[in-house]
>>> print(open('model-v8.pdb').read())   # PDB, C-alpha atoms
ATOM      1  CA  SER A   1     -55.983 -90.386  51.667
ATOM      2  CA  ALA A   2     -52.776 -89.197  50.046
ATOM      3  CA  VAL A   3     -51.135 -90.075  46.765
ATOM      4  CA  ILE A   4     -47.362 -89.702  46.743
ATOM      5  CA  SER A   5     -45.245 -89.652  43.606
ATOM      6  CA  GLN A   6     -41.513 -90.158  43.716
ATOM      7  CA  LYS A   7     -38.947 -89.595  40.999
ATOM      8  CA  PRO A   8     -36.825 -91.304  39.905
ATOM      9  CA  SER A   9     -38.257 -94.737  40.587
ATOM     10  CA  ARG A  10     -34.903 -96.334  39.830
ATOM     11  CA  ASP A  11     -31.429 -95.185  38.975
ATOM     12  CA  ILE A  12     -27.911 -96.457  38.672
ATOM     13  CA  CYS A  13     -25.410 -93.898  39.873
ATOM     14  CA  GLN A  14     -21.675 -93.542  39.661
ATOM     15  CA  ARG A  15     -19.642 -93.435  42.814
ATOM     16  CA  GLY A  16     -18.897 -89.884  43.933
ATOM     17  CA  THR A  17     -21.876 -88.294  42.225
ATOM     18  CA  SER A  18     -25.030 -86.872  43.801
ATOM     19  CA  LEU A  19     -28.662 -87.588  43.015
ATOM     20  CA  THR A  20     -31.786 -85.687  43.942
ATOM     21  CA  ILE A  21     -35.020 -87.548  44.641
ATOM     22  CA  GLN A  22     -38.301 -85.717  44.295
ATOM     23  CA  CYS A  23     -41.456 -86.341  46.292
ATOM     24  CA  GLN A  24     -44.813 -84.842  45.305
ATOM     25  CA  VAL A  25     -47.977 -85.194  47.398
ATOM     26  CA  ASP A  26     -51.486 -84.552  46.127
ATOM     27  CA  SER A  27     -52.475 -82.765  49.370
ATOM     28  CA  GLN A  28     -50.912 -80.111  51.546
ATOM     29  CA  VAL A  29     -49.113 -81.587  54.531
ATOM     30  CA  THR A  30     -47.125 -80.017  57.327
ATOM     31  CA  MET A  31     -44.432 -82.653  57.600
ATOM     32  CA  MET A  32     -42.845 -84.995  55.111
ATOM     33  CA  PHE A  33     -40.587 -87.857  56.118
ATOM     34  CA  TRP A  34     -37.664 -89.430  54.326
ATOM     35  CA  TYR A  35     -36.750 -93.062  55.007
ATOM     36  CA  ARG A  36     -33.974 -95.328  53.794
ATOM     37  CA  GLN A  37     -34.162 -99.099  53.387
ATOM     38  CA  GLN A  38     -30.802-100.714  52.804
ATOM     39  CA  PRO A  39     -30.753-104.261  51.422
ATOM     40  CA  GLY A  40     -31.874-106.723  54.085
ATOM     41  CA  GLN A  41     -32.343-103.974  56.629
ATOM     42  CA  SER A  42     -35.318-102.245  58.187
ATOM     43  CA  LEU A  43     -36.637 -98.886  57.133
ATOM     44  CA  THR A  44     -34.815 -96.122  58.953
ATOM     45  CA  LEU A  45     -35.948 -92.526  59.255
ATOM     46  CA  ILE A  46     -33.438 -90.102  57.770
ATOM     47  CA  ALA A  47     -35.129 -86.800  58.502
ATOM     48  CA  THR A  48     -38.368 -84.912  58.898
ATOM     49  CA  ALA A  49     -38.949 -82.026  56.506
ATOM     50  CA  ASN A  50     -41.102 -79.059  57.511
ATOM     51  CA  GLN A  51     -42.039 -76.317  55.116
ATOM     52  CA  GLY A  52     -40.234 -73.097  55.918
ATOM     53  CA  SER A  53     -37.646 -74.528  58.269
ATOM     54  CA  GLU A  54     -34.597 -76.743  58.193
ATOM     55  CA  ALA A  55     -35.119 -80.458  58.211
ATOM     56  CA  THR A  56     -34.648 -82.390  61.439
ATOM     57  CA  TYR A  57     -32.167 -85.226  61.027
ATOM     58  CA  GLU A  58     -32.079 -88.485  62.956
ATOM     59  CA  SER A  59     -28.975 -89.766  64.651
ATOM     60  CA  GLY A  60     -26.469 -90.992  62.101
ATOM     61  CA  PHE A  61     -27.677 -88.769  59.282
ATOM     62  CA  VAL A  62     -26.264 -85.327  58.470
ATOM     63  CA  ILE A  63     -27.337 -82.457  56.274
ATOM     64  CA  ASP A  64     -24.138 -82.437  54.235
ATOM     65  CA  LYS A  65     -24.756 -85.994  53.110
ATOM     66  CA  PHE A  66     -28.559 -85.785  52.765
ATOM     67  CA  PRO A  67     -29.603 -82.185  52.080
ATOM     68  CA  ILE A  68     -33.365 -81.750  51.995
ATOM     69  CA  SER A  69     -35.512 -79.034  50.513
ATOM     70  CA  ARG A  70     -39.151 -78.292  51.333
ATOM     71  CA  PRO A  71     -40.193 -75.324  49.203
ATOM     72  CA  ASN A  72     -43.967 -75.759  49.709
ATOM     73  CA  LEU A  73     -46.571 -77.921  51.421
ATOM     74  CA  THR A  74     -46.785 -80.526  48.657
ATOM     75  CA  PHE A  75     -43.196 -81.061  47.561
ATOM     76  CA  SER A  76     -39.816 -82.097  48.947
ATOM     77  CA  THR A  77     -36.472 -83.268  47.644
ATOM     78  CA  LEU A  78     -33.772 -85.425  49.174
ATOM     79  CA  THR A  79     -30.278 -85.335  47.747
ATOM     80  CA  VAL A  80     -27.862 -88.178  48.324
ATOM     81  CA  SER A  81     -24.443 -86.571  48.042
ATOM     82  CA  ASN A  82     -21.073 -88.002  47.109
ATOM     83  CA  MET A  83     -22.546 -91.465  46.775
ATOM     84  CA  SER A  84     -20.760 -94.674  47.671
ATOM     85  CA  PRO A  85     -21.928 -98.282  47.241
ATOM     86  CA  GLU A  86     -23.195 -98.180  50.851
ATOM     87  CA  ASP A  87     -25.819 -95.669  49.711
ATOM     88  CA  SER A  88     -27.424 -98.291  47.489
ATOM     89  CA  SER A  89     -30.894 -98.392  49.018
ATOM     90  CA  ILE A  90     -34.539 -97.699  48.553
ATOM     91  CA  TYR A  91     -35.398 -94.167  49.582
ATOM     92  CA  LEU A  92     -39.023 -93.528  50.503
ATOM     93  CA  CYS A  93     -40.901 -90.416  51.359
ATOM     94  CA  SER A  94     -43.985 -90.483  53.513
ATOM     95  CA  VAL A  95     -46.671 -88.229  54.959
ATOM     96  CA  VAL A  96     -49.260 -88.525  57.701
ATOM     97  CA  MET A  97     -52.889 -87.643  57.147
ATOM     98  CA  GLY A  98     -55.282 -88.236  59.981
ATOM     99  CA  ASN A  99     -54.051 -91.360  61.730
ATOM    100  CA  THR A 100     -52.631 -92.933  58.606
ATOM    101  CA  ILE A 101     -49.106 -92.812  57.277
ATOM    102  CA  TYR A 102     -48.722 -93.014  53.500
ATOM    103  CA  PHE A 103     -45.593 -93.946  51.603
ATOM    104  CA  GLY A 104     -44.407 -93.274  48.106
ATOM    105  CA  GLU A 105     -43.367 -96.203  45.952
ATOM    106  CA  GLY A 106     -39.722 -95.539  46.660
ATOM    107  CA  SER A 107     -36.643 -94.643  44.683
ATOM    108  CA  TRP A 108     -34.311 -97.596  44.149
ATOM    109  CA  LEU A 109     -30.728 -96.382  43.898
ATOM    110  CA  THR A 110     -27.793 -98.562  42.955
ATOM    111  CA  VAL A 111     -24.334 -97.032  43.275
ATOM    112  CA  VAL A 112     -21.604 -98.589  41.167
TER     113      VAL A 112
ATOM    114  CA  LYS B   1     -33.317 -97.626  72.469
ATOM    115  CA  GLN B   2     -36.369 -99.248  70.957
ATOM    116  CA  GLU B   3     -35.689-102.281  68.790
ATOM    117  CA  VAL B   4     -38.210-104.211  66.739
ATOM    118  CA  THR B   5     -37.683-107.835  65.762
ATOM    119  CA  GLN B   6     -39.758-109.924  63.410
ATOM    120  CA  ILE B   7     -39.788-113.686  63.243
ATOM    121  CA  PRO B   8     -39.629-115.559  60.939
ATOM    122  CA  ALA B   9     -37.677-113.607  58.332
ATOM    123  CA  ALA B  10     -39.354-115.630  55.595
ATOM    124  CA  LEU B  11     -42.324-117.956  55.434
ATOM    125  CA  SER B  12     -43.728-120.104  52.653
ATOM    126  CA  VAL B  13     -47.168-121.676  53.004
ATOM    127  CA  PRO B  14     -49.692-123.383  50.740
ATOM    128  CA  GLU B  15     -52.779-121.473  49.777
ATOM    129  CA  GLY B  16     -55.619-121.666  52.269
ATOM    130  CA  GLU B  17     -53.453-122.052  55.333
ATOM    131  CA  ASN B  18     -53.890-119.824  58.371
ATOM    132  CA  LEU B  19     -50.653-118.243  59.538
ATOM    133  CA  VAL B  20     -49.173-116.040  62.232
ATOM    134  CA  LEU B  21     -46.427-113.466  61.907
ATOM    135  CA  ASN B  22     -44.613-112.306  65.014
ATOM    136  CA  CYS B  23     -43.261-108.960  66.091
ATOM    137  CA  SER B  24     -41.474-108.107  69.329
ATOM    138  CA  PHE B  25     -40.288-104.784  70.693
ATOM    139  CA  THR B  26     -37.900-104.020  73.532
ATOM    140  CA  ASP B  27     -39.553-100.958  75.085
ATOM    141  CA  SER B  28     -43.167-101.551  76.126
ATOM    142  CA  ALA B  29     -43.897 -97.813  76.519
ATOM    143  CA  ILE B  30     -45.422 -97.493  73.059
ATOM    144  CA  TYR B  31     -48.342 -95.374  71.894
ATOM    145  CA  ASN B  32     -49.348 -97.762  69.175
ATOM    146  CA  LEU B  33     -48.138-100.444  66.800
ATOM    147  CA  GLN B  34     -48.698-100.694  63.080
ATOM    148  CA  TRP B  35     -48.504-103.488  60.563
ATOM    149  CA  PHE B  36     -47.608-102.692  56.967
ATOM    150  CA  ARG B  37     -47.413-104.601  53.738
ATOM    151  CA  GLN B  38     -44.628-103.996  51.221
ATOM    152  CA  ASP B  39     -44.907-105.311  47.689
ATOM    153  CA  PRO B  40     -41.835-105.544  45.432
ATOM    154  CA  GLY B  41     -41.287-102.300  43.575
ATOM    155  CA  LYS B  42     -43.973-100.540  45.543
ATOM    156  CA  GLY B  43     -44.180 -98.550  48.708
ATOM    157  CA  LEU B  44     -45.686 -99.554  52.009
ATOM    158  CA  THR B  45     -49.370 -99.862  52.716
ATOM    159  CA  SER B  46     -50.694 -99.536  56.232
ATOM    160  CA  LEU B  47     -52.752-102.591  57.188
ATOM    161  CA  LEU B  48     -53.659-102.198  60.841
ATOM    162  CA  LEU B  49     -53.010 -99.705  63.606
ATOM    163  CA  ILE B  50     -53.412-100.848  67.207
ATOM    164  CA  GLN B  51     -53.509 -98.186  69.889
ATOM    165  CA  SER B  52     -51.753 -98.927  73.171
ATOM    166  CA  SER B  53     -55.131 -99.220  74.912
ATOM    167  CA  GLN B  54     -56.344-101.884  72.490
ATOM    168  CA  ARG B  55     -55.562-105.584  72.491
ATOM    169  CA  GLU B  56     -56.465-106.357  68.922
ATOM    170  CA  GLN B  57     -57.636-104.939  65.621
ATOM    171  CA  THR B  58     -59.280-106.688  62.700
ATOM    172  CA  SER B  59     -59.574-105.945  59.016
ATOM    173  CA  GLY B  60     -61.065-108.605  56.791
ATOM    174  CA  ARG B  61     -58.911-111.732  57.005
ATOM    175  CA  LEU B  62     -56.286-109.934  59.074
ATOM    176  CA  ASN B  63     -56.225-109.780  62.852
ATOM    177  CA  ALA B  64     -53.470-108.076  64.799
ATOM    178  CA  SER B  65     -53.008-108.466  68.534
ATOM    179  CA  LEU B  66     -50.931-106.449  70.955
ATOM    180  CA  ASP B  67     -49.527-107.452  74.328
ATOM    181  CA  LYS B  68     -47.605-104.452  75.598
ATOM    182  CA  SER B  69     -46.468-106.064  78.817
ATOM    183  CA  SER B  70     -44.665-108.834  76.987
ATOM    184  CA  GLY B  71     -43.558-106.608  74.119
ATOM    185  CA  ARG B  72     -45.247-108.688  71.447
ATOM    186  CA  SER B  73     -47.653-108.382  68.581
ATOM    187  CA  THR B  74     -48.938-110.971  66.165
ATOM    188  CA  LEU B  75     -50.535-110.643  62.754
ATOM    189  CA  TYR B  76     -52.894-113.486  61.968
ATOM    190  CA  ILE B  77     -53.822-114.065  58.337
ATOM    191  CA  ALA B  78     -56.752-116.381  57.764
ATOM    192  CA  ALA B  79     -57.215-118.525  54.662
ATOM    193  CA  SER B  80     -54.096-117.214  52.955
ATOM    194  CA  GLN B  81     -54.152-116.462  49.225
ATOM    195  CA  PRO B  82     -51.360-116.021  46.663
ATOM    196  CA  GLY B  83     -52.207-112.314  46.607
ATOM    197  CA  ASP B  84     -51.086-112.139  50.237
ATOM    198  CA  SER B  85     -47.506-112.736  49.121
ATOM    199  CA  ALA B  86     -45.526-109.705  50.242
ATOM    200  CA  THR B  87     -43.233-108.532  53.006
ATOM    201  CA  TYR B  88     -45.024-107.670  56.232
ATOM    202  CA  LEU B  89     -43.494-105.051  58.496
ATOM    203  CA  CYS B  90     -44.370-103.968  61.984
ATOM    204  CA  ALA B  91     -43.452-100.582  63.390
ATOM    205  CA  VAL B  92     -43.726 -98.598  66.609
ATOM    206  CA  PRO B  93     -43.081 -94.958  67.493
ATOM    207  CA  PRO B  94     -39.920 -94.168  69.466
ATOM    208  CA  ARG B  95     -40.252 -93.786  73.238
ATOM    209  CA  TYR B  96     -39.848 -90.056  73.135
ATOM    210  CA  GLY B  97     -42.889 -89.780  70.914
ATOM    211  CA  GLY B  98     -42.607 -87.190  68.231
ATOM    212  CA  SER B  99     -44.692 -87.125  65.111
ATOM    213  CA  GLN B 100     -46.777 -90.005  63.812
ATOM    214  CA  GLY B 101     -44.462 -90.264  60.831
ATOM    215  CA  ASN B 102     -41.493 -91.196  62.975
ATOM    216  CA  LEU B 103     -41.534 -94.991  63.225
ATOM    217  CA  ILE B 104     -39.106 -97.749  64.132
ATOM    218  CA  PHE B 105     -39.497-100.720  61.833
ATOM    219  CA  GLY B 106     -38.641-104.372  62.030
ATOM    220  CA  LYS B 107     -36.890-106.029  59.106
ATOM    221  CA  GLY B 108     -40.074-107.729  58.034
ATOM    222  CA  THR B 109     -41.327-111.218  57.269
ATOM    223  CA  LYS B 110     -41.336-112.167  53.605
ATOM    224  CA  LEU B 111     -44.437-114.250  52.997
ATOM    225  CA  SER B 112     -44.920-116.483  49.988
ATOM    226  CA  VAL B 113     -48.278-118.190  49.502
ATOM    227  CA  LYS B 114     -48.096-121.016  46.966
ATOM    228  CA  PRO B 115     -51.142-121.810  44.796
TER     229      PRO B 115
END
>>> encode(input="model-v8.pdb", output="structure tokens")
Amino acid sequence: SAVISQKPSRDICQRGTSLTIQCQVDSQVTMMFWYRQQPGQSLTLIATANQGSEATYESGFVIDKFPISRPNLTFSTLTVSNMSPEDSSIYLCSVVMGNTIYFGEGSWLTVV
Amino acid sequence: KQEVTQIPAALSVPEGENLVLNCSFTDSAIYNLQWFRQDPGKGLTSLLLIQSSQREQTSGRLNASLDKSSGRSTLYIAASQPGDSATYLCAVPPRYGGSQGNLIFGKGTKLSVKP
């Protein structure tokens, strides 16, 4: 199994600012995944983060808006840049071990 | 493009009732289907994974079925308890495959079990 810790768990952010979310896993994993869950919407994959290479972004998401770092096999960060109220969401990181996908508890961001 | 729909969006039942949650997907060429549980303020927990070659999977009071040809899955919860109150999500991989962490989710069914 995998235990995933995310920071911050919650934050209220000012419009136009940026916030970095941290994701720490208790095991080494090749890929880490970042999802967004907007209010009333389904979880949507933002990007896949591999250690030692640039993240792979899904359609509709760009590196300038959501830069990702993956400095080692247990840690990743997602930055939400130049935030607007539309970025108010839960951001979750996840990993796969064996046949099971594990999620962190999420980072609840409110942009005002 | 794969789309996942879950009906109903919300469901309230008295304790002890058996219930069924529905999930449909538009592209039947899936490798597997997963059901998750999401509790307020917490992340997602994987409940059941059904491979494309399977028709159902059971875990305790939960039973998930898969009918690929009709693009449907159901999650059956027997003898519901207040602790079952949560949002239940189903998810499938995209057609082009990719990693196991790349999933397309429905919006979920919010279940409330009243004591």
>>> closest_residue(input="model-v8.pdb", among="B:Ser85, B:Gln34, B:Thr26, B:Ser65", to="chain A", atoms="only C-alpha atoms")
B:Gln34
>>> resolve_selection(input="model-v8.pdb", expression="the ChimeraX specification (/A :<9) & /B", output="number ranges by chain")
B: 41-46, 49, 89, 99-108
>>> closest_residue(input="model-v8.pdb", among="A:Ile68, A:Leu109, A:Ile21, A:Leu78", to="Gln6 in chain A", atoms="all atoms listed in the file")
A:Ile21
>>> atom_distance(input="model-v8.pdb", atom1="CA of Trp35 in chain B", atom2="CA of Ser27 in chain A")
23.9 Å
>>> atom_distance(input="model-v8.pdb", atom1="CA of Ser69 in chain A", atom2="CA of Asp11 in chain A")
20.3 Å
>>> residues_around(input="model-v8.pdb", residues="Asn22 in chain B", least_positions_apart="5", cutoff="6 Å", atoms="all atoms listed in the file", output="ChimeraX atom specification")
/B:6-7,74
>>> write_last_selection(input="model-v8.pdb", atoms="C-alpha atoms", output="mmCIF file, in the coordinates of the input")
data_model
loop_
_atom_site.group_PDB
_atom_site.id
_atom_site.type_symbol
_atom_site.label_atom_id
_atom_site.label_comp_id
_atom_site.auth_asym_id
_atom_site.auth_seq_id
_atom_site.Cartn_x
_atom_site.Cartn_y
_atom_site.Cartn_z
ATOM 1 C CA GLN B 6 -39.758 -109.924 63.410
ATOM 2 C CA ILE B 7 -39.788 -113.686 63.243
ATOM 3 C CA THR B 74 -48.938 -110.971 66.165
#
>>> closest_residue(input="model-v8.pdb", among="A:Gln24, A:Thr77, A:Ser84, A:Ser5", to="Ala49 in chain A", atoms="only C-alpha atoms")
A:Thr77
>>> residues_around(input="model-v8.pdb", residues="Pro82 in chain B", least_positions_apart="5", cutoff="12 Å", atoms="only C-alpha atoms", output="list of chain:residue names")
B:Ser12, B:Val13, B:Pro14, B:Glu15, B:Gly16, B:Glu17, B:Leu111, B:Ser112, B:Val113, B:Lys114, B:Pro115
>>> write_last_selection(input="model-v8.pdb", atoms="C-alpha atoms", output="PDB file, in the frame of the given file")
ATOM      1  CA  SER B  12     -43.728-120.104  52.653  1.00  0.00           C
ATOM      2  CA  VAL B  13     -47.168-121.676  53.004  1.00  0.00           C
ATOM      3  CA  PRO B  14     -49.692-123.383  50.740  1.00  0.00           C
ATOM      4  CA  GLU B  15     -52.779-121.473  49.777  1.00  0.00           C
ATOM      5  CA  GLY B  16     -55.619-121.666  52.269  1.00  0.00           C
ATOM      6  CA  GLU B  17     -53.453-122.052  55.333  1.00  0.00           C
ATOM      7  CA  LEU B 111     -44.437-114.250  52.997  1.00  0.00           C
ATOM      8  CA  SER B 112     -44.920-116.483  49.988  1.00  0.00           C
ATOM      9  CA  VAL B 113     -48.278-118.190  49.502  1.00  0.00           C
ATOM     10  CA  LYS B 114     -48.096-121.016  46.966  1.00  0.00           C
ATOM     11  CA  PRO B 115     -51.142-121.810  44.796  1.00  0.00           C
TER      12      PRO B 115
END
>>> atom_distance(input="model-v8.pdb", atom1="CA of Glu3 in chain B", atom2="CA of Ala91 in chain B")
9.6 Å
>>> closest_residue(input="model-v8.pdb", among="A:Ala55, A:Val80, A:Val3, A:Ile63", to="Cys23 in chain A", atoms="all atoms listed in the file")
A:Val3
>>> closest_residue(input="model-v8.pdb", among="B:Val4, B:Ala10, B:Ala78, B:Ala86", to="Pro40 in chain B", atoms="only C-alpha atoms")
B:Ala86
>>> decode(input="model-v8.pdb", residues="range 9-23 of chain B", atoms="N, CA, C and O atoms", output="PDB file, in the first residue's frame")
ATOM      1  N   ALA B   9     -27.496  11.277  -8.996  1.00  0.00           N
ATOM      2  CA  ALA B   9     -26.449  12.148  -8.460  1.00  0.00           C
ATOM      3  C   ALA B   9     -26.428  12.094  -6.942  1.00  0.00           C
ATOM      4  O   ALA B   9     -25.385  12.274  -6.315  1.00  0.00           O
ATOM      5  N   ALA B  10     -27.596  11.863  -6.354  1.00  0.00           N
ATOM      6  CA  ALA B  10     -27.692  11.765  -4.896  1.00  0.00           C
ATOM      7  C   ALA B  10     -28.765  10.757  -4.547  1.00  0.00           C
ATOM      8  O   ALA B  10     -29.732  10.563  -5.282  1.00  0.00           O
ATOM      9  N   LEU B  11     -28.576  10.112  -3.401  1.00  0.00           N
ATOM     10  CA  LEU B  11     -29.495   9.060  -2.975  1.00  0.00           C
ATOM     11  C   LEU B  11     -29.529   9.041  -1.457  1.00  0.00           C
ATOM     12  O   LEU B  11     -28.477   9.065  -0.814  1.00  0.00           O
ATOM     13  N   SER B  12     -30.729   9.016  -0.911  1.00  0.00           N
ATOM     14  CA  SER B  12     -30.891   8.934   0.540  1.00  0.00           C
ATOM     15  C   SER B  12     -31.760   7.723   0.853  1.00  0.00           C
ATOM     16  O   SER B  12     -32.856   7.588   0.301  1.00  0.00           O
ATOM     17  N   VAL B  13     -31.266   6.853   1.720  1.00  0.00           N
ATOM     18  CA  VAL B  13     -31.981   5.620   2.044  1.00  0.00           C
ATOM     19  C   VAL B  13     -31.950   5.388   3.544  1.00  0.00           C
ATOM     20  O   VAL B  13     -31.041   5.869   4.237  1.00  0.00           O
ATOM     21  N   PRO B  14     -32.930   4.652   4.063  1.00  0.00           N
ATOM     22  CA  PRO B  14     -32.876   4.285   5.483  1.00  0.00           C
ATOM     23  C   PRO B  14     -31.894   3.146   5.704  1.00  0.00           C
ATOM     24  O   PRO B  14     -31.638   2.322   4.805  1.00  0.00           O
ATOM     25  N   GLU B  15     -31.346   3.105   6.865  1.00  0.00           N
ATOM     26  CA  GLU B  15     -30.397   2.059   7.216  1.00  0.00           C
ATOM     27  C   GLU B  15     -30.997   0.673   6.991  1.00  0.00           C
ATOM     28  O   GLU B  15     -32.184   0.432   7.250  1.00  0.00           O
ATOM     29  N   GLY B  16     -30.176  -0.226   6.490  1.00  0.00           N
ATOM     30  CA  GLY B  16     -30.610  -1.601   6.279  1.00  0.00           C
ATOM     31  C   GLY B  16     -31.093  -1.902   4.867  1.00  0.00           C
ATOM     32  O   GLY B  16     -31.208  -3.063   4.486  1.00  0.00           O
ATOM     33  N   GLU B  17     -31.340  -0.844   4.117  1.00  0.00           N
ATOM     34  CA  GLU B  17     -31.842  -1.053   2.756  1.00  0.00           C
ATOM     35  C   GLU B  17     -30.715  -1.496   1.822  1.00  0.00           C
ATOM     36  O   GLU B  17     -29.570  -1.068   1.960  1.00  0.00           O
ATOM     37  N   ASN B  18     -31.071  -2.333   0.856  1.00  0.00           N
ATOM     38  CA  ASN B  18     -30.144  -2.682  -0.220  1.00  0.00           C
ATOM     39  C   ASN B  18     -30.289  -1.625  -1.314  1.00  0.00           C
ATOM     40  O   ASN B  18     -31.389  -1.141  -1.577  1.00  0.00           O
ATOM     41  N   LEU B  19     -29.184  -1.275  -1.962  1.00  0.00           N
ATOM     42  CA  LEU B  19     -29.283  -0.227  -2.972  1.00  0.00           C
ATOM     43  C   LEU B  19     -28.325  -0.507  -4.131  1.00  0.00           C
ATOM     44  O   LEU B  19     -27.364  -1.268  -4.002  1.00  0.00           O
ATOM     45  N   VAL B  20     -28.622   0.167  -5.240  1.00  0.00           N
ATOM     46  CA  VAL B  20     -27.830   0.010  -6.454  1.00  0.00           C
ATOM     47  C   VAL B  20     -27.441   1.380  -6.990  1.00  0.00           C
ATOM     48  O   VAL B  20     -28.300   2.258  -7.143  1.00  0.00           O
ATOM     49  N   LEU B  21     -26.170   1.535  -7.267  1.00  0.00           N
ATOM     50  CA  LEU B  21     -25.667   2.744  -7.910  1.00  0.00           C
ATOM     51  C   LEU B  21     -25.292   2.391  -9.341  1.00  0.00           C
ATOM     52  O   LEU B  21     -24.759   1.300  -9.599  1.00  0.00           O
ATOM     53  N   ASN B  22     -25.549   3.314 -10.250  1.00  0.00           N
ATOM     54  CA  ASN B  22     -25.350   3.040 -11.664  1.00  0.00           C
ATOM     55  C   ASN B  22     -24.236   3.880 -12.273  1.00  0.00           C
ATOM     56  O   ASN B  22     -24.040   5.042 -11.912  1.00  0.00           O
ATOM     57  N   CYS B  23     -23.548   3.280 -13.208  1.00  0.00           N
ATOM     58  CA  CYS B  23     -22.480   3.944 -13.929  1.00  0.00           C
ATOM     59  C   CYS B  23     -22.572   3.524 -15.395  1.00  0.00           C
ATOM     60  O   CYS B  23     -22.728   2.327 -15.683  1.00  0.00           O
TER      61      CYS B  23
END
